[in-house]
Amino acid sequence: MKINVDGKPTLDIMELPDSCVIILSQGKAKVAELPAFAETRIFIHQGQVKRVKWDEGEEF
């Protein structure tokens, strides 16, 4: 993900994974690809994103 001179993020959706999440926290941006089958949790402490956790599974 690129930030232009105005401080605005610019995205090229052709460069992103098919399924992803964009997380913004404290002036930082991260792109994370989502697994096919999973529960996603975003952990926040004192208003800041601390970690992202996936509990992956498989359809039965």
# chains A, B, ... in the order shown; residues from 1 in each chain; ligands from 1
>>> residues_around(residues="region 42-45 of chain A", least_positions_apart="6", cutoff="10 Å", atoms="only C-alpha atoms", output="list in words")
Ile23, Ser25, Arg51, Val52, Lys53 and Trp54 of chain A
>>> write_last_selection(atoms="all heavy atoms", output="JSON list (two decimals), in the first residue's frame")
[["chain", "number", "residue", "atom", "x", "y", "z"],
["A", 23, "ILE", "N", -5.89, -2.95, 7.69],
["A", 23, "ILE", "CA", -6.00, -2.50, 9.07],
["A", 23, "ILE", "C", -5.20, -1.21, 9.22],
["A", 23, "ILE", "O", -4.03, -1.15, 8.88],
["A", 23, "ILE", "CB", -5.47, -3.58, 10.04],
["A", 23, "ILE", "CG1", -6.26, -4.87, 9.84],
["A", 23, "ILE", "CG2", -5.56, -3.09, 11.48],
["A", 23, "ILE", "CD1", -5.68, -6.05, 10.55],
["A", 25, "SER", "N", -4.00, 1.70, 12.01],
["A", 25, "SER", "CA", -3.86, 1.97, 13.43],
["A", 25, "SER", "C", -2.62, 2.83, 13.65],
["A", 25, "SER", "O", -1.54, 2.50, 13.15],
["A", 25, "SER", "CB", -3.73, 0.67, 14.23],
["A", 25, "SER", "OG", -3.56, 0.94, 15.60],
["A", 51, "ARG", "N", -2.48, -7.14, 17.52],
["A", 51, "ARG", "CA", -2.22, -8.31, 16.68],
["A", 51, "ARG", "C", -3.48, -8.76, 15.99],
["A", 51, "ARG", "O", -4.59, -8.41, 16.38],
["A", 51, "ARG", "CB", -1.60, -9.44, 17.47],
["A", 51, "ARG", "CG", -2.48, -10.03, 18.53],
["A", 51, "ARG", "CD", -1.71, -11.07, 19.33],
["A", 51, "ARG", "NE", -2.41, -11.30, 20.57],
["A", 51, "ARG", "CZ", -2.84, -12.48, 20.96],
["A", 51, "ARG", "NH1", -2.64, -13.54, 20.22],
["A", 51, "ARG", "NH2", -3.48, -12.61, 22.09],
["A", 52, "VAL", "N", -3.29, -9.57, 14.97],
["A", 52, "VAL", "CA", -4.38, -10.19, 14.23],
["A", 52, "VAL", "C", -4.15, -11.70, 14.31],
["A", 52, "VAL", "O", -3.04, -12.17, 14.09],
["A", 52, "VAL", "CB", -4.40, -9.73, 12.75],
["A", 52, "VAL", "CG1", -5.51, -10.39, 11.99],
["A", 52, "VAL", "CG2", -4.52, -8.21, 12.68],
["A", 53, "LYS", "N", -5.21, -12.43, 14.64],
["A", 53, "LYS", "CA", -5.07, -13.87, 14.82],
["A", 53, "LYS", "C", -6.12, -14.59, 13.98],
["A", 53, "LYS", "O", -7.28, -14.17, 13.93],
["A", 53, "LYS", "CB", -5.28, -14.21, 16.30],
["A", 53, "LYS", "CG", -5.13, -15.66, 16.64],
["A", 53, "LYS", "CD", -5.32, -15.86, 18.13],
["A", 53, "LYS", "CE", -5.23, -17.33, 18.48],
["A", 53, "LYS", "NZ", -5.44, -17.56, 19.90],
["A", 54, "TRP", "N", -5.69, -15.66, 13.31],
["A", 54, "TRP", "CA", -6.59, -16.48, 12.53],
["A", 54, "TRP", "C", -6.72, -17.84, 13.18],
["A", 54, "TRP", "O", -5.72, -18.47, 13.52],
["A", 54, "TRP", "CB", -6.05, -16.67, 11.10],
["A", 54, "TRP", "CG", -6.16, -15.47, 10.27],
["A", 54, "TRP", "CD1", -7.23, -15.08, 9.52],
["A", 54, "TRP", "CD2", -5.17, -14.45, 10.08],
["A", 54, "TRP", "NE1", -6.96, -13.91, 8.88],
["A", 54, "TRP", "CE2", -5.70, -13.49, 9.21],
["A", 54, "TRP", "CE3", -3.89, -14.26, 10.58],
["A", 54, "TRP", "CZ2", -5.01, -12.37, 8.82],
["A", 54, "TRP", "CZ3", -3.20, -13.14, 10.18],
["A", 54, "TRP", "CH2", -3.76, -12.22, 9.31]]
>>> residues_around(residues="Asp12 (chain A)", least_positions_apart="4", cutoff="12 Å", atoms="only C-alpha atoms", output="number ranges by chain")
A: 1-3, 16-17
>>> residues_around(residues="Leu24 (chain A)", least_positions_apart="6", cutoff="10 Å", atoms="only C-alpha atoms", output="ChimeraX atom specification")
/A:30-31,48-49
>>> write_last_selection(atoms="N, CA, C and O atoms", output="short mmCIF file (atom, residue, chain, number, x, y, z; two decimals), in the first residue's frame")
data_model
loop_
_atom_site.label_atom_id
_atom_site.label_comp_id
_atom_site.auth_asym_id
_atom_site.auth_seq_id
_atom_site.Cartn_x
_atom_site.Cartn_y
_atom_site.Cartn_z
N LYS A 30 -1.67 -1.89 7.27
CA LYS A 30 -1.19 -3.22 6.91
C LYS A 30 -2.27 -3.94 6.13
O LYS A 30 -3.45 -3.82 6.43
N VAL A 31 -1.83 -4.70 5.14
CA VAL A 31 -2.73 -5.53 4.35
C VAL A 31 -2.43 -6.98 4.71
O VAL A 31 -1.28 -7.40 4.71
N GLN A 48 -5.10 0.79 20.26
CA GLN A 48 -4.15 0.45 19.20
C GLN A 48 -4.27 -1.02 18.85
O GLN A 48 -4.43 -1.87 19.74
N VAL A 49 -4.18 -1.33 17.56
CA VAL A 49 -4.20 -2.72 17.13
C VAL A 49 -2.88 -3.36 17.55
O VAL A 49 -1.80 -2.85 17.26
#
>>> residues_around(residues="Asp55 (chain A)", least_positions_apart="2", cutoff="9 Å", atoms="only C-alpha atoms", output="ChimeraX atom specification")
/A:37-41,53,57
>>> write_last_selection(atoms="N, CA and C atoms", output="PDB file, in the first residue's frame")
ATOM      1  N   PHE A  37     -10.881 -20.575   4.976  1.00  0.00           N
ATOM      2  CA  PHE A  37     -11.818 -20.864   6.061  1.00  0.00           C
ATOM      3  C   PHE A  37     -11.136 -20.524   7.375  1.00  0.00           C
ATOM      4  N   ALA A  38     -11.599 -19.466   8.033  1.00  0.00           N
ATOM      5  CA  ALA A  38     -10.983 -19.077   9.303  1.00  0.00           C
ATOM      6  C   ALA A  38     -11.860 -18.072  10.031  1.00  0.00           C
ATOM      7  N   GLU A  39     -11.620 -17.982  11.304  1.00  0.00           N
ATOM      8  CA  GLU A  39     -12.200 -16.931  12.128  1.00  0.00           C
ATOM      9  C   GLU A  39     -11.069 -15.947  12.378  1.00  0.00           C
ATOM     10  N   THR A  40     -11.316 -14.675  12.109  1.00  0.00           N
ATOM     11  CA  THR A  40     -10.276 -13.656  12.250  1.00  0.00           C
ATOM     12  C   THR A  40     -10.596 -12.779  13.451  1.00  0.00           C
ATOM     13  N   ARG A  41      -9.605 -12.575  14.294  1.00  0.00           N
ATOM     14  CA  ARG A  41      -9.765 -11.716  15.463  1.00  0.00           C
ATOM     15  C   ARG A  41      -8.715 -10.615  15.416  1.00  0.00           C
ATOM     16  N   LYS A  53      -5.206 -12.426  14.635  1.00  0.00           N
ATOM     17  CA  LYS A  53      -5.074 -13.869  14.824  1.00  0.00           C
ATOM     18  C   LYS A  53      -6.119 -14.586  13.983  1.00  0.00           C
ATOM     19  N   GLY A  57      -9.711 -23.334   9.879  1.00  0.00           N
ATOM     20  CA  GLY A  57     -10.454 -24.575   9.918  1.00  0.00           C
ATOM     21  C   GLY A  57     -10.675 -25.098   8.510  1.00  0.00           C
TER      22      GLY A  57
END
>>> residues_around(residues="Leu34 (chain A)", least_positions_apart="2", cutoff="7 Å", atoms="only C-alpha atoms", output="list in words")
Ser19, Cys20, Val21, Ala32 and Ala36 of chain A
>>> write_last_selection(atoms="N, CA and C atoms", output="PDB file, in the first residue's frame")
ATOM      1  N   SER A  19      -8.914 -12.000  -1.357  1.00  0.00           N
ATOM      2  CA  SER A  19      -9.602 -11.682  -0.104  1.00  0.00           C
ATOM      3  C   SER A  19      -8.575 -11.163   0.883  1.00  0.00           C
ATOM      4  N   CYS A  20      -8.773  -9.946   1.344  1.00  0.00           N
ATOM      5  CA  CYS A  20      -7.822  -9.365   2.281  1.00  0.00           C
ATOM      6  C   CYS A  20      -8.525  -8.371   3.193  1.00  0.00           C
ATOM      7  N   VAL A  21      -7.810  -7.981   4.219  1.00  0.00           N
ATOM      8  CA  VAL A  21      -8.292  -6.969   5.147  1.00  0.00           C
ATOM      9  C   VAL A  21      -7.209  -5.900   5.245  1.00  0.00           C
ATOM     10  N   ALA A  32      -3.478  -7.733   5.045  1.00  0.00           N
ATOM     11  CA  ALA A  32      -3.309  -9.144   5.391  1.00  0.00           C
ATOM     12  C   ALA A  32      -4.253  -9.984   4.539  1.00  0.00           C
ATOM     13  N   ALA A  36      -8.906 -19.210   3.400  1.00  0.00           N
ATOM     14  CA  ALA A  36     -10.176 -19.659   2.815  1.00  0.00           C
ATOM     15  C   ALA A  36     -11.246 -19.914   3.883  1.00  0.00           C
TER      16      ALA A  36
END
>>> atom_distance(atom1="CA of Gly47 (chain A)", atom2="CA of Val5 (chain A)")
26.3 Å
